[in-house]
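Colleague: Input structure: upload.cif, which contains mmCIF, C-alpha atoms; chains and numbers go by the auth columns.
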```cif
data_query
loop_
_atom_site.group_PDB
_atom_site.id
_atom_site.type_symbol
_atom_site.label_atom_id
_atom_site.label_comp_id
_atom_site.label_asym_id
_atom_site.label_seq_id
_atom_site.Cartn_x
_atom_site.Cartn_y
_atom_site.Cartn_z
_atom_site.B_iso_or_equiv
_atom_site.auth_seq_id
_atom_site.auth_asym_id
ATOM 1 C CA MET A 1 -67.959 123.302 -7.049 0.00 1165 O
ATOM 2 C CA PRO A 2 -71.490 122.424 -5.946 0.00 1166 O
ATOM 3 C CA ALA A 3 -74.055 125.020 -4.970 0.00 1167 O
ATOM 4 C CA VAL A 4 -75.800 124.818 -1.598 0.00 1168 O
ATOM 5 C CA HIS A 5 -79.469 125.789 -1.522 0.00 1169 O
ATOM 6 C CA LEU A 6 -81.587 126.612 1.522 0.00 1170 O
ATOM 7 C CA THR A 7 -85.048 125.718 0.220 0.00 1171 O
ATOM 8 C CA PRO A 8 -88.114 127.968 0.627 0.00 1172 O
ATOM 9 C CA ALA A 9 -90.040 125.530 2.805 0.00 1173 O
ATOM 10 C CA VAL A 10 -87.195 125.491 5.337 0.00 1174 O
ATOM 11 C CA THR A 11 -86.754 129.263 5.347 0.00 1175 O
ATOM 12 C CA ASP A 12 -90.509 129.719 5.767 0.00 1176 O
ATOM 13 C CA ALA A 13 -90.426 127.499 8.860 0.00 1177 O
ATOM 14 C CA PHE A 14 -87.151 128.943 10.214 0.00 1178 O
ATOM 15 C CA PRO A 15 -87.006 132.528 8.947 0.00 1179 O
ATOM 16 C CA ASP A 16 -84.041 133.608 11.074 0.00 1180 O
ATOM 17 C CA THR A 17 -81.685 130.867 9.865 0.00 1181 O
ATOM 18 C CA LEU A 18 -78.090 131.778 9.045 0.00 1182 O
ATOM 19 C CA ILE A 19 -75.597 129.208 7.776 0.00 1183 O
ATOM 20 C CA ALA A 20 -71.889 129.751 7.190 0.00 1184 O
ATOM 21 C CA LEU A 21 -70.153 127.737 4.472 0.00 1185 O
ATOM 22 C CA VAL A 22 -66.377 127.684 4.908 0.00 1186 O
ATOM 23 C CA THR A 23 -64.811 126.011 1.874 0.00 1187 O
ATOM 24 C CA ALA A 24 -61.181 124.912 1.783 0.00 1188 O
ATOM 25 C CA THR A 25 -59.278 123.602 -1.221 0.00 1189 O
ATOM 26 C CA GLY A 26 -55.846 122.044 -1.300 0.00 1190 O
ATOM 27 C CA VAL A 27 -56.287 120.749 2.242 0.00 1191 O
ATOM 28 C CA ARG A 28 -53.134 119.149 3.641 0.00 1192 O
ATOM 29 C CA GLY A 29 -54.563 116.775 6.203 0.00 1193 O
ATOM 30 C CA HIS A 30 -51.402 114.723 6.737 0.00 1194 O
ATOM 31 C CA GLU A 31 -49.289 117.490 8.259 0.00 1195 O
ATOM 32 C CA PRO A 32 -49.413 118.697 11.890 0.00 1196 O
ATOM 33 C CA TRP A 33 -51.954 121.465 12.621 0.00 1197 O
ATOM 34 C CA PRO A 34 -50.522 123.131 15.742 0.00 1198 O
ATOM 35 C CA GLY A 35 -53.243 125.785 15.895 0.00 1199 O
ATOM 36 C CA THR A 36 -55.940 123.126 16.110 0.00 1200 O
ATOM 37 C CA THR A 37 -53.953 121.135 18.652 0.00 1201 O
ATOM 38 C CA ALA A 38 -53.665 124.257 20.804 0.00 1202 O
ATOM 39 C CA ALA A 39 -57.362 125.132 20.433 0.00 1203 O
ATOM 40 C CA LEU A 40 -58.416 121.682 21.646 0.00 1204 O
ATOM 41 C CA ALA A 41 -55.959 121.748 24.545 0.00 1205 O
ATOM 42 C CA GLU A 42 -57.175 125.185 25.620 0.00 1206 O
ATOM 43 C CA LEU A 43 -60.814 124.106 25.734 0.00 1207 O
ATOM 44 C CA GLU A 44 -59.991 120.966 27.688 0.00 1208 O
ATOM 45 C CA GLN A 45 -57.849 122.921 30.164 0.00 1209 O
ATOM 46 C CA ARG A 46 -60.560 125.541 30.701 0.00 1210 O
ATOM 47 C CA LEU A 47 -63.067 122.755 31.326 0.00 1211 O
ATOM 48 C CA ALA A 48 -60.704 121.115 33.813 0.00 1212 O
ATOM 49 C CA ASP A 49 -60.145 124.481 35.544 0.00 1213 O
ATOM 50 C CA GLY A 50 -63.867 125.089 35.816 0.00 1214 O
ATOM 51 C CA THR A 51 -63.626 128.395 33.940 0.00 1215 O
ATOM 52 C CA TRP A 52 -65.730 127.240 30.983 0.00 1216 O
ATOM 53 C CA HIS A 53 -68.353 124.607 30.222 0.00 1217 O
ATOM 54 C CA PRO A 54 -69.807 123.586 26.861 0.00 1218 O
ATOM 55 C CA ALA A 55 -73.338 124.710 26.058 0.00 1219 O
ATOM 56 C CA ASP A 56 -76.018 122.176 26.982 0.00 1220 O
ATOM 57 C CA GLU A 57 -79.751 121.939 26.375 0.00 1221 O
ATOM 58 C CA THR A 58 -80.439 124.709 28.914 0.00 1222 O
ATOM 59 C CA ASP A 59 -78.459 127.156 26.766 0.00 1223 O
ATOM 60 C CA PRO A 60 -80.603 129.149 24.272 0.00 1224 O
ATOM 61 C CA ARG A 61 -78.255 128.240 21.400 0.00 1225 O
ATOM 62 C CA VAL A 62 -78.848 124.518 21.930 0.00 1226 O
ATOM 63 C CA GLU A 63 -82.431 124.778 23.170 0.00 1227 O
ATOM 64 C CA ALA A 64 -83.393 126.332 19.821 0.00 1228 O
ATOM 65 C CA TRP A 65 -82.247 123.193 18.040 0.00 1229 O
ATOM 66 C CA HIS A 66 -84.208 120.980 20.444 0.00 1230 O
ATOM 67 C CA THR A 67 -87.308 122.983 19.569 0.00 1231 O
ATOM 68 C CA ALA A 68 -86.562 122.682 15.851 0.00 1232 O
ATOM 69 C CA TYR A 69 -86.029 118.924 16.095 0.00 1233 O
ATOM 70 C CA ARG A 70 -89.367 118.482 17.827 0.00 1234 O
ATOM 71 C CA SER A 71 -91.053 120.517 15.102 0.00 1235 O
ATOM 72 C CA PHE A 72 -90.105 117.922 12.478 0.00 1236 O
ATOM 73 C CA GLY A 73 -90.777 114.888 14.650 0.00 1237 O
ATOM 74 C CA THR A 74 -87.334 114.095 16.097 0.00 1238 O
ATOM 75 C CA ASN A 75 -86.853 113.561 19.822 0.00 1239 O
ATOM 76 C CA PRO A 76 -83.754 115.694 20.595 0.00 1240 O
ATOM 77 C CA ARG A 77 -82.954 113.845 23.794 0.00 1241 O
ATOM 78 C CA ARG A 78 -82.703 110.570 21.911 0.00 1242 O
ATOM 79 C CA ILE A 79 -81.259 111.935 18.661 0.00 1243 O
ATOM 80 C CA ARG A 80 -79.289 115.002 19.708 0.00 1244 O
ATOM 81 C CA PRO A 81 -78.107 117.963 17.641 0.00 1245 O
ATOM 82 C CA SER A 82 -74.405 117.518 16.940 0.00 1246 O
ATOM 83 C CA VAL A 83 -73.273 120.413 19.153 0.00 1247 O
ATOM 84 C CA ASP A 84 -75.305 119.035 22.056 0.00 1248 O
ATOM 85 C CA ALA A 85 -73.908 115.521 21.682 0.00 1249 O
ATOM 86 C CA LEU A 86 -70.348 116.780 21.299 0.00 1250 O
ATOM 87 C CA GLY A 87 -70.600 119.082 24.299 0.00 1251 O
ATOM 88 C CA ARG A 88 -72.027 116.301 26.462 0.00 1252 O
ATOM 89 C CA ARG A 89 -69.186 114.018 25.433 0.00 1253 O
ATOM 90 C CA LEU A 90 -66.615 116.680 26.282 0.00 1254 O
ATOM 91 C CA ALA A 91 -68.215 117.409 29.657 0.00 1255 O
ATOM 92 C CA LYS A 92 -68.304 113.706 30.544 0.00 1256 O
ATOM 93 C CA LYS A 93 -64.876 112.639 29.311 0.00 1257 O
ATOM 94 C CA GLY A 94 -62.946 115.878 29.744 0.00 1258 O
ATOM 95 C CA ALA A 95 -61.558 115.622 26.206 0.00 1259 O
ATOM 96 C CA LEU A 96 -62.706 115.809 22.617 0.00 1260 O
ATOM 97 C CA PRO A 97 -62.032 112.944 20.197 0.00 1261 O
ATOM 98 C CA ARG A 98 -59.071 113.318 17.844 0.00 1262 O
ATOM 99 C CA ILE A 99 -60.264 112.283 14.374 0.00 1263 O
ATOM 100 C CA ASN A 100 -58.094 114.196 11.909 0.00 1264 O
ATOM 101 C CA PRO A 101 -57.014 117.855 11.813 0.00 1265 O
ATOM 102 C CA ALA A 102 -59.879 119.124 9.655 0.00 1266 O
ATOM 103 C CA VAL A 103 -62.579 117.421 11.728 0.00 1267 O
ATOM 104 C CA ASP A 104 -60.846 118.366 14.977 0.00 1268 O
ATOM 105 C CA SER A 105 -60.864 122.002 13.819 0.00 1269 O
ATOM 106 C CA TYR A 106 -64.601 122.248 13.314 0.00 1270 O
ATOM 107 C CA ASN A 107 -65.278 120.276 16.499 0.00 1271 O
ATOM 108 C CA ALA A 108 -63.221 122.779 18.491 0.00 1272 O
ATOM 109 C CA VAL A 109 -65.033 125.757 16.947 0.00 1273 O
ATOM 110 C CA SER A 110 -68.432 124.094 17.391 0.00 1274 O
ATOM 111 C CA VAL A 111 -68.133 123.469 21.119 0.00 1275 O
ATOM 112 C CA ARG A 112 -66.359 126.766 21.820 0.00 1276 O
ATOM 113 C CA HIS A 113 -69.231 128.766 20.338 0.00 1277 O
ATOM 114 C CA GLY A 114 -72.174 126.419 20.984 0.00 1278 O
ATOM 115 C CA LEU A 115 -73.038 126.115 17.294 0.00 1279 O
ATOM 116 C CA PRO A 116 -73.640 122.948 15.242 0.00 1280 O
ATOM 117 C CA ALA A 117 -70.928 122.178 12.696 0.00 1281 O
ATOM 118 C CA GLY A 118 -70.310 119.575 10.033 0.00 1282 O
ATOM 119 C CA ALA A 119 -68.359 119.067 6.827 0.00 1283 O
ATOM 120 C CA PHE A 120 -68.528 117.390 3.425 0.00 1284 O
ATOM 121 C CA ASP A 121 -65.733 116.057 1.229 0.00 1285 O
ATOM 122 C CA LEU A 122 -66.647 117.764 -2.041 0.00 1286 O
ATOM 123 C CA ASP A 123 -64.961 115.079 -4.141 0.00 1287 O
ATOM 124 C CA HIS A 124 -67.701 112.699 -2.973 0.00 1288 O
ATOM 125 C CA VAL A 125 -70.658 115.068 -3.362 0.00 1289 O
ATOM 126 C CA SER A 126 -72.904 114.481 -6.397 0.00 1290 O
ATOM 127 C CA GLY A 127 -74.367 117.640 -7.912 0.00 1291 O
ATOM 128 C CA ASP A 128 -75.737 120.433 -5.779 0.00 1292 O
ATOM 129 C CA ILE A 129 -76.749 120.235 -2.118 0.00 1293 O
ATOM 130 C CA ASP A 130 -80.244 121.120 -0.915 0.00 1294 O
ATOM 131 C CA ILE A 131 -81.260 121.766 2.683 0.00 1295 O
ATOM 132 C CA ARG A 132 -84.840 120.548 2.533 0.00 1296 O
ATOM 133 C CA TYR A 133 -87.581 118.432 3.982 0.00 1297 O
ATOM 134 C CA ALA A 134 -87.260 114.698 3.267 0.00 1298 O
ATOM 135 C CA ASP A 135 -89.994 112.977 1.287 0.00 1299 O
ATOM 136 C CA GLY A 136 -89.217 109.516 2.696 0.00 1300 O
ATOM 137 C CA THR A 137 -87.675 108.003 -0.436 0.00 1301 O
ATOM 138 C CA GLU A 138 -84.105 109.091 0.286 0.00 1302 O
ATOM 139 C CA SER A 139 -81.270 106.823 1.456 0.00 1303 O
ATOM 140 C CA PHE A 140 -78.686 107.577 4.113 0.00 1304 O
ATOM 141 C CA THR A 141 -75.601 105.647 5.214 0.00 1305 O
ATOM 142 C CA PRO A 142 -74.443 106.905 8.628 0.00 1306 O
ATOM 143 C CA LEU A 143 -70.874 107.949 9.300 0.00 1307 O
ATOM 144 C CA GLY A 144 -68.882 104.934 10.443 0.00 1308 O
ATOM 145 C CA GLU A 145 -71.560 102.461 9.328 0.00 1309 O
ATOM 146 C CA PRO A 146 -70.878 101.823 5.629 0.00 1310 O
ATOM 147 C CA ASP A 147 -73.142 98.756 5.505 0.00 1311 O
ATOM 148 C CA THR A 148 -76.174 100.494 7.044 0.00 1312 O
ATOM 149 C CA VAL A 149 -78.912 102.141 4.993 0.00 1313 O
ATOM 150 C CA GLU A 150 -81.533 104.342 6.632 0.00 1314 O
ATOM 151 C CA HIS A 151 -84.486 106.234 5.203 0.00 1315 O
ATOM 152 C CA PRO A 152 -85.336 109.598 6.770 0.00 1316 O
ATOM 153 C CA LYS A 153 -88.955 110.068 7.718 0.00 1317 O
ATOM 154 C CA PRO A 154 -91.039 112.401 5.567 0.00 1318 O
ATOM 155 C CA GLY A 155 -90.800 115.905 6.966 0.00 1319 O
ATOM 156 C CA GLU A 156 -87.356 115.498 8.524 0.00 1320 O
ATOM 157 C CA ILE A 157 -84.927 118.262 7.517 0.00 1321 O
ATOM 158 C CA ILE A 158 -81.906 116.925 5.654 0.00 1322 O
ATOM 159 C CA TYR A 159 -78.925 117.961 3.578 0.00 1323 O
ATOM 160 C CA ALA A 160 -79.112 115.998 0.314 0.00 1324 O
ATOM 161 C CA ASP A 161 -77.327 115.846 -3.013 0.00 1325 O
ATOM 162 C CA THR A 162 -78.461 114.044 -6.166 0.00 1326 O
ATOM 163 C CA THR A 163 -77.311 110.659 -4.812 0.00 1327 O
ATOM 164 C CA GLY A 164 -78.670 110.676 -1.275 0.00 1328 O
ATOM 165 C CA VAL A 165 -78.708 112.202 2.176 0.00 1329 O
ATOM 166 C CA LEU A 166 -75.587 113.920 3.497 0.00 1330 O
ATOM 167 C CA THR A 167 -76.913 114.815 6.967 0.00 1331 O
ATOM 168 C CA ARG A 168 -79.977 113.580 8.880 0.00 1332 O
ATOM 169 C CA HIS A 169 -82.114 115.529 11.343 0.00 1333 O
ATOM 170 C CA TRP A 170 -80.631 118.789 9.967 0.00 1334 O
ATOM 171 C CA ASN A 171 -77.337 118.404 11.871 0.00 1335 O
ATOM 172 C CA HIS A 172 -77.437 115.212 13.927 0.00 1336 O
ATOM 173 C CA ARG A 173 -75.124 113.001 11.881 0.00 1337 O
ATOM 174 C CA ASP A 174 -73.207 113.158 8.609 0.00 1338 O
ATOM 175 C CA ALA A 175 -73.054 110.516 5.912 0.00 1339 O
ATOM 176 C CA HIS A 176 -70.268 107.989 5.488 0.00 1340 O
ATOM 177 C CA ARG A 177 -69.915 108.740 1.761 0.00 1341 O
ATOM 178 C CA THR A 178 -68.939 112.388 2.196 0.00 1342 O
ATOM 179 C CA ARG A 179 -67.000 112.042 5.464 0.00 1343 O
ATOM 180 C CA VAL A 180 -63.864 114.134 5.849 0.00 1344 O
ATOM 181 C CA THR A 181 -60.630 112.165 6.211 0.00 1345 O
ATOM 182 C CA GLU A 182 -56.945 113.052 6.231 0.00 1346 O
ATOM 183 C CA HIS A 183 -57.042 112.481 2.448 0.00 1347 O
ATOM 184 C CA SER A 184 -59.824 115.021 1.772 0.00 1348 O
ATOM 185 C CA ALA A 185 -58.538 117.854 -0.403 0.00 1349 O
ATOM 186 C CA ARG A 186 -61.717 119.885 -1.043 0.00 1350 O
ATOM 187 C CA VAL A 187 -64.010 120.367 1.927 0.00 1351 O
ATOM 188 C CA THR A 188 -67.000 122.551 2.779 0.00 1352 O
ATOM 189 C CA PHE A 189 -67.525 123.135 6.497 0.00 1353 O
ATOM 190 C CA VAL A 190 -70.945 124.195 7.791 0.00 1354 O
ATOM 191 C CA LEU A 191 -71.827 126.265 10.885 0.00 1355 O
ATOM 192 C CA GLU A 192 -75.467 127.029 11.715 0.00 1356 O
ATOM 193 C CA THR A 193 -77.784 129.140 13.850 0.00 1357 O
ATOM 194 C CA LEU A 194 -81.568 129.427 13.869 0.00 1358 O
ATOM 195 C CA HIS A 195 -81.391 132.899 15.475 0.00 1359 O
ATOM 196 C CA ALA A 196 -79.366 135.242 13.310 0.00 1360 O
ATOM 197 C CA ASP A 197 -80.829 138.221 15.145 0.00 1361 O
ATOM 198 C CA ARG A 198 -79.256 136.991 18.383 0.00 1362 O
ATOM 199 C CA ASP A 199 -76.313 134.844 17.271 0.00 1363 O
ATOM 200 C CA GLY A 200 -75.418 136.064 13.793 0.00 1364 O
ATOM 201 C CA ASP A 201 -72.296 137.879 14.963 0.00 1365 O
ATOM 202 C CA LEU A 202 -71.272 134.815 16.963 0.00 1366 O
ATOM 203 C CA LEU A 203 -71.669 132.646 13.865 0.00 1367 O
ATOM 204 C CA LYS A 204 -69.509 134.999 11.804 0.00 1368 O
ATOM 205 C CA THR A 205 -66.852 135.022 14.525 0.00 1369 O
ATOM 206 C CA ALA A 206 -66.894 131.222 14.597 0.00 1370 O
ATOM 207 C CA ALA A 207 -66.609 131.028 10.796 0.00 1371 O
ATOM 208 C CA GLU A 208 -63.568 133.306 10.797 0.00 1372 O
ATOM 209 C CA GLU A 209 -62.025 131.332 13.652 0.00 1373 O
ATOM 210 C CA LEU A 210 -62.457 128.123 11.680 0.00 1374 O
ATOM 211 C CA ARG A 211 -61.038 129.798 8.594 0.00 1375 O
ATOM 212 C CA GLY A 212 -58.026 130.832 10.664 0.00 1376 O
ATOM 213 C CA LEU A 213 -57.374 127.241 11.715 0.00 1377 O
ATOM 214 C CA LEU A 214 -57.703 126.027 8.119 0.00 1378 O
ATOM 215 C CA THR A 215 -55.752 128.698 6.243 0.00 1379 O
ATOM 216 C CA PRO A 216 -52.182 127.591 7.155 0.00 1380 O
ATOM 217 C CA HIS A 217 -52.938 124.089 5.837 0.00 1381 O
ATOM 218 C CA THR A 218 -54.897 124.806 2.647 0.00 1382 O
ATOM 219 C CA ALA A 219 -54.337 126.423 -0.717 0.00 1383 O
ATOM 220 C CA GLN A 220 -57.435 128.626 -0.464 0.00 1384 O
ATOM 221 C CA THR A 221 -60.398 129.258 1.848 0.00 1385 O
ATOM 222 C CA THR A 222 -63.657 131.130 1.228 0.00 1386 O
ATOM 223 C CA VAL A 223 -66.650 131.960 3.403 0.00 1387 O
ATOM 224 C CA HIS A 224 -70.242 132.276 2.160 0.00 1388 O
ATOM 225 C CA TYR A 225 -73.497 132.693 4.067 0.00 1389 O
ATOM 226 C CA LEU A 226 -76.962 131.290 3.456 0.00 1390 O
ATOM 227 C CA SER A 227 -80.099 133.014 4.724 0.00 1391 O
ATOM 228 C CA PRO A 228 -83.708 133.465 3.611 0.00 1392 O
ATOM 229 C CA THR A 229 -82.635 136.564 1.666 0.00 1393 O
ATOM 230 C CA GLN A 230 -79.593 134.827 0.150 0.00 1394 O
ATOM 231 C CA PRO A 231 -80.613 131.163 0.001 0.00 1395 O
ATOM 232 C CA ARG A 232 -78.083 129.910 -2.539 0.00 1396 O
ATOM 233 C CA ALA A 233 -74.282 129.957 -2.684 0.00 1397 O
ATOM 234 C CA THR A 234 -71.635 128.190 -4.728 0.00 1398 O
ATOM 235 C CA THR A 235 -68.963 126.746 -2.455 0.00 1399 O
#
```
Let me see the structure of the file written as structure tokens.
Modeller:
Amino acid sequence: MPAVHLTPAVTDAFPDTLIALVTATGVRGHEPWPGTTAALAELEQRLADGTWHPADETDPRVEAWHTAYRSFGTNPRRIRPSVDALGRRLAKKGALPRINPAVDSYNAVSVRHGLPAGAFDLDHVSGDIDIRYADGTESFTPLGEPDTVEHPKPGEIIYADTTGVLTRHWNHRDAHRTRVTEHSARVTFVLETLHADRDGDLLKTAAEELRGLLTPHTAQTTVHYLSPTQPRATT
């Protein structure tokens, strides 16, 4: 299993970062996941009833990511944090996309709690994963665009393995190479906050909720946390 490393330069710039790594092995993505189906339906019904609305850029949880994006040169209203983009899509369309059960699970948890989420198919990760500043030489192929190659700007925060970039703009978009499909058997899911002092308990609740959706359809799940005081974990 690869290790995930939150590098010193990132923790120096964002000293209250807390990241949950929920790793599932033996994922059975072809079977029905009724818990995830129910979680999505509940969110959509609450939105329709007017009893709940996804967090937007006026919410402190999302606003913090806008501030972070600007700090490394990304315009967050043009290139939005994943939780912001997903919440806006839900608010506009009244429904979340159905991709596959594993992806649908982290999407549901992400918008429910207003926290960015993503995932990597570990069978397509090369070596360890670093959360670091880009130097401009890296390559990235966006999810759903296998023939496109981008190069992050120097100073942009990325997830990267020894082959290339797994996520651009910290949590804007994942790579095509490590995308999670119904065939993915070993997956690490990521949930993030920049304000552990305020939202650390929320993050831990979200991680356990995601674990609960995964557990009936996997052989094993584990949860690890990254922070400036514990910057490295093996998934």
Colleague: Figure out the distance between atom CA of O:Pro1395 and atom CA of O:Asp1294, please, to one decimal in Å.
Modeller: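 Computing the Euclidean distance for atom CA of O:Asp1294 and atom CA of O:Pro1395 yields 10.1 Å.
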Colleague: Evaluated on this file, the PyMOL selection byres ((chain O and resi 1314) around 8) picks out some residues - which ones are they, written as a ChimeraX atom specification?
Modeller: /O:1303-1306,1312-1313,1315-1316
Colleague: Quick check on the file I pasted: which residues fall under the PyMOL selection byres ((chain O and resi 1246) around 7)? Write them as a list of chain:residue names.
Modeller: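 Against this file, the PyMOL selection byres ((chain O and resi 1246) around 7) returns the residues O:Arg1244, O:Pro1245, O:Val1247, O:Asp1248, O:Ala1249, O:Leu1250, O:Pro1280, O:Asn1335, O:His1336, O:Arg1337.
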Colleague: Enumerate, as a PDB file with C-alpha atoms, keeping the file's coordinate frame, the residues matched when the PyMOL selection byres ((chain O and resi 1361-1372) around 8) is run on the file above.
Modeller:
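Writing the result to out_9.pdb gives the following:
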```pdb
ATOM      1  CA  ASP O1180     -84.041 133.608  11.074  1.00  0.00           C
ATOM      2  CA  LEU O1182     -78.090 131.778   9.045  1.00  0.00           C
ATOM      3  CA  ALA O1184     -71.889 129.751   7.190  1.00  0.00           C
ATOM      4  CA  LEU O1185     -70.153 127.737   4.472  1.00  0.00           C
ATOM      5  CA  VAL O1186     -66.377 127.684   4.908  1.00  0.00           C
ATOM      6  CA  VAL O1273     -65.033 125.757  16.947  1.00  0.00           C
ATOM      7  CA  SER O1274     -68.432 124.094  17.391  1.00  0.00           C
ATOM      8  CA  HIS O1277     -69.231 128.766  20.338  1.00  0.00           C
ATOM      9  CA  LEU O1279     -73.038 126.115  17.294  1.00  0.00           C
ATOM     10  CA  LEU O1355     -71.827 126.265  10.885  1.00  0.00           C
ATOM     11  CA  GLU O1356     -75.467 127.029  11.715  1.00  0.00           C
ATOM     12  CA  THR O1357     -77.784 129.140  13.850  1.00  0.00           C
ATOM     13  CA  HIS O1359     -81.391 132.899  15.475  1.00  0.00           C
ATOM     14  CA  ALA O1360     -79.366 135.242  13.310  1.00  0.00           C
ATOM     15  CA  GLU O1373     -62.025 131.332  13.652  1.00  0.00           C
ATOM     16  CA  LEU O1374     -62.457 128.123  11.680  1.00  0.00           C
ATOM     17  CA  ARG O1375     -61.038 129.798   8.594  1.00  0.00           C
ATOM     18  CA  GLY O1376     -58.026 130.832  10.664  1.00  0.00           C
ATOM     19  CA  VAL O1387     -66.650 131.960   3.403  1.00  0.00           C
TER      20      VAL O1387
END
```
Colleague: Can you write out as CSV which residues of stretch 1237-1320 of chain O fall within 9 Å of stretch 1190-1193 of chain O, alongside each residue's closest atom pair and its distance in Å to one decimal, counting all atoms listed in the file and ordering rows by chain and ascending residue number?
Modeller:
```
residue,atom,partner,partner_atom,distance
O:Asn1264,CA,O:Gly1193,CA,7.2
O:Pro1265,CA,O:Gly1193,CA,6.2
O:Ala1266,CA,O:Gly1193,CA,6.8
```
Colleague: For the residues in the current selection, export C-alpha atoms as a PDB file, keeping the file's coordinate frame.
Modeller:
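For reference, out11.pdb as written:
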```
ATOM      1  CA  ASN O1264     -58.094 114.196  11.909  1.00  0.00           C
ATOM      2  CA  PRO O1265     -57.014 117.855  11.813  1.00  0.00           C
ATOM      3  CA  ALA O1266     -59.879 119.124   9.655  1.00  0.00           C
TER       4      ALA O1266
END
```
Colleague: Is it possible to add N, CA, C and O atoms to stretch 1186-1200 of chain O and hand it back as a PDB file, in the coordinates of the input?
Modeller:
```pdb
ATOM      1  N   VAL O1186     -67.810 127.418   4.982  1.00  0.00           N
ATOM      2  CA  VAL O1186     -66.377 127.684   4.908  1.00  0.00           C
ATOM      3  C   VAL O1186     -65.770 126.605   4.014  1.00  0.00           C
ATOM      4  O   VAL O1186     -65.729 125.431   4.400  1.00  0.00           O
ATOM      5  N   THR O1187     -65.324 126.983   2.837  1.00  0.00           N
ATOM      6  CA  THR O1187     -64.811 126.011   1.874  1.00  0.00           C
ATOM      7  C   THR O1187     -63.298 126.124   1.772  1.00  0.00           C
ATOM      8  O   THR O1187     -62.756 127.226   1.627  1.00  0.00           O
ATOM      9  N   ALA O1188     -62.640 124.975   1.870  1.00  0.00           N
ATOM     10  CA  ALA O1188     -61.181 124.912   1.783  1.00  0.00           C
ATOM     11  C   ALA O1188     -60.781 123.994   0.642  1.00  0.00           C
ATOM     12  O   ALA O1188     -61.322 122.896   0.504  1.00  0.00           O
ATOM     13  N   THR O1189     -59.823 124.438  -0.157  1.00  0.00           N
ATOM     14  CA  THR O1189     -59.278 123.602  -1.221  1.00  0.00           C
ATOM     15  C   THR O1189     -57.779 123.435  -0.986  1.00  0.00           C
ATOM     16  O   THR O1189     -57.131 124.259  -0.341  1.00  0.00           O
ATOM     17  N   GLY O1190     -57.247 122.343  -1.524  1.00  0.00           N
ATOM     18  CA  GLY O1190     -55.846 122.044  -1.300  1.00  0.00           C
ATOM     19  C   GLY O1190     -55.540 121.748   0.158  1.00  0.00           C
ATOM     20  O   GLY O1190     -54.489 122.132   0.677  1.00  0.00           O
ATOM     21  N   VAL O1191     -56.459 121.051   0.822  1.00  0.00           N
ATOM     22  CA  VAL O1191     -56.287 120.749   2.242  1.00  0.00           C
ATOM     23  C   VAL O1191     -55.156 119.736   2.427  1.00  0.00           C
ATOM     24  O   VAL O1191     -55.097 118.723   1.733  1.00  0.00           O
ATOM     25  N   ARG O1192     -54.268 120.035   3.360  1.00  0.00           N
ATOM     26  CA  ARG O1192     -53.134 119.149   3.641  1.00  0.00           C
ATOM     27  C   ARG O1192     -53.364 118.488   5.005  1.00  0.00           C
ATOM     28  O   ARG O1192     -52.898 118.954   6.050  1.00  0.00           O
ATOM     29  N   GLY O1193     -54.126 117.415   4.971  1.00  0.00           N
ATOM     30  CA  GLY O1193     -54.563 116.775   6.203  1.00  0.00           C
ATOM     31  C   GLY O1193     -53.550 115.860   6.847  1.00  0.00           C
ATOM     32  O   GLY O1193     -53.800 115.343   7.944  1.00  0.00           O
ATOM     33  N   HIS O1194     -52.413 115.639   6.193  1.00  0.00           N
ATOM     34  CA  HIS O1194     -51.402 114.723   6.737  1.00  0.00           C
ATOM     35  C   HIS O1194     -50.363 115.437   7.596  1.00  0.00           C
ATOM     36  O   HIS O1194     -49.617 114.790   8.320  1.00  0.00           O
ATOM     37  N   GLU O1195     -50.320 116.776   7.510  1.00  0.00           N
ATOM     38  CA  GLU O1195     -49.289 117.490   8.259  1.00  0.00           C
ATOM     39  C   GLU O1195     -49.823 117.896   9.635  1.00  0.00           C
ATOM     40  O   GLU O1195     -51.042 117.930   9.864  1.00  0.00           O
ATOM     41  N   PRO O1196     -48.957 118.222  10.576  1.00  0.00           N
ATOM     42  CA  PRO O1196     -49.413 118.697  11.890  1.00  0.00           C
ATOM     43  C   PRO O1196     -50.154 120.031  11.759  1.00  0.00           C
ATOM     44  O   PRO O1196     -49.769 120.882  10.960  1.00  0.00           O
ATOM     45  N   TRP O1197     -51.203 120.210  12.566  1.00  0.00           N
ATOM     46  CA  TRP O1197     -51.954 121.465  12.621  1.00  0.00           C
ATOM     47  C   TRP O1197     -51.812 122.007  14.044  1.00  0.00           C
ATOM     48  O   TRP O1197     -52.689 121.797  14.898  1.00  0.00           O
ATOM     49  N   PRO O1198     -50.749 122.708  14.360  1.00  0.00           N
ATOM     50  CA  PRO O1198     -50.522 123.131  15.742  1.00  0.00           C
ATOM     51  C   PRO O1198     -51.590 124.071  16.288  1.00  0.00           C
ATOM     52  O   PRO O1198     -51.879 124.053  17.486  1.00  0.00           O
ATOM     53  N   GLY O1199     -52.190 124.895  15.426  1.00  0.00           N
ATOM     54  CA  GLY O1199     -53.243 125.785  15.895  1.00  0.00           C
ATOM     55  C   GLY O1199     -54.448 125.025  16.400  1.00  0.00           C
ATOM     56  O   GLY O1199     -55.047 125.374  17.438  1.00  0.00           O
ATOM     57  N   THR O1200     -54.813 123.963  15.688  1.00  0.00           N
ATOM     58  CA  THR O1200     -55.940 123.126  16.110  1.00  0.00           C
ATOM     59  C   THR O1200     -55.596 122.360  17.377  1.00  0.00           C
ATOM     60  O   THR O1200     -56.422 122.259  18.296  1.00  0.00           O
TER      61      THR O1200
END
```
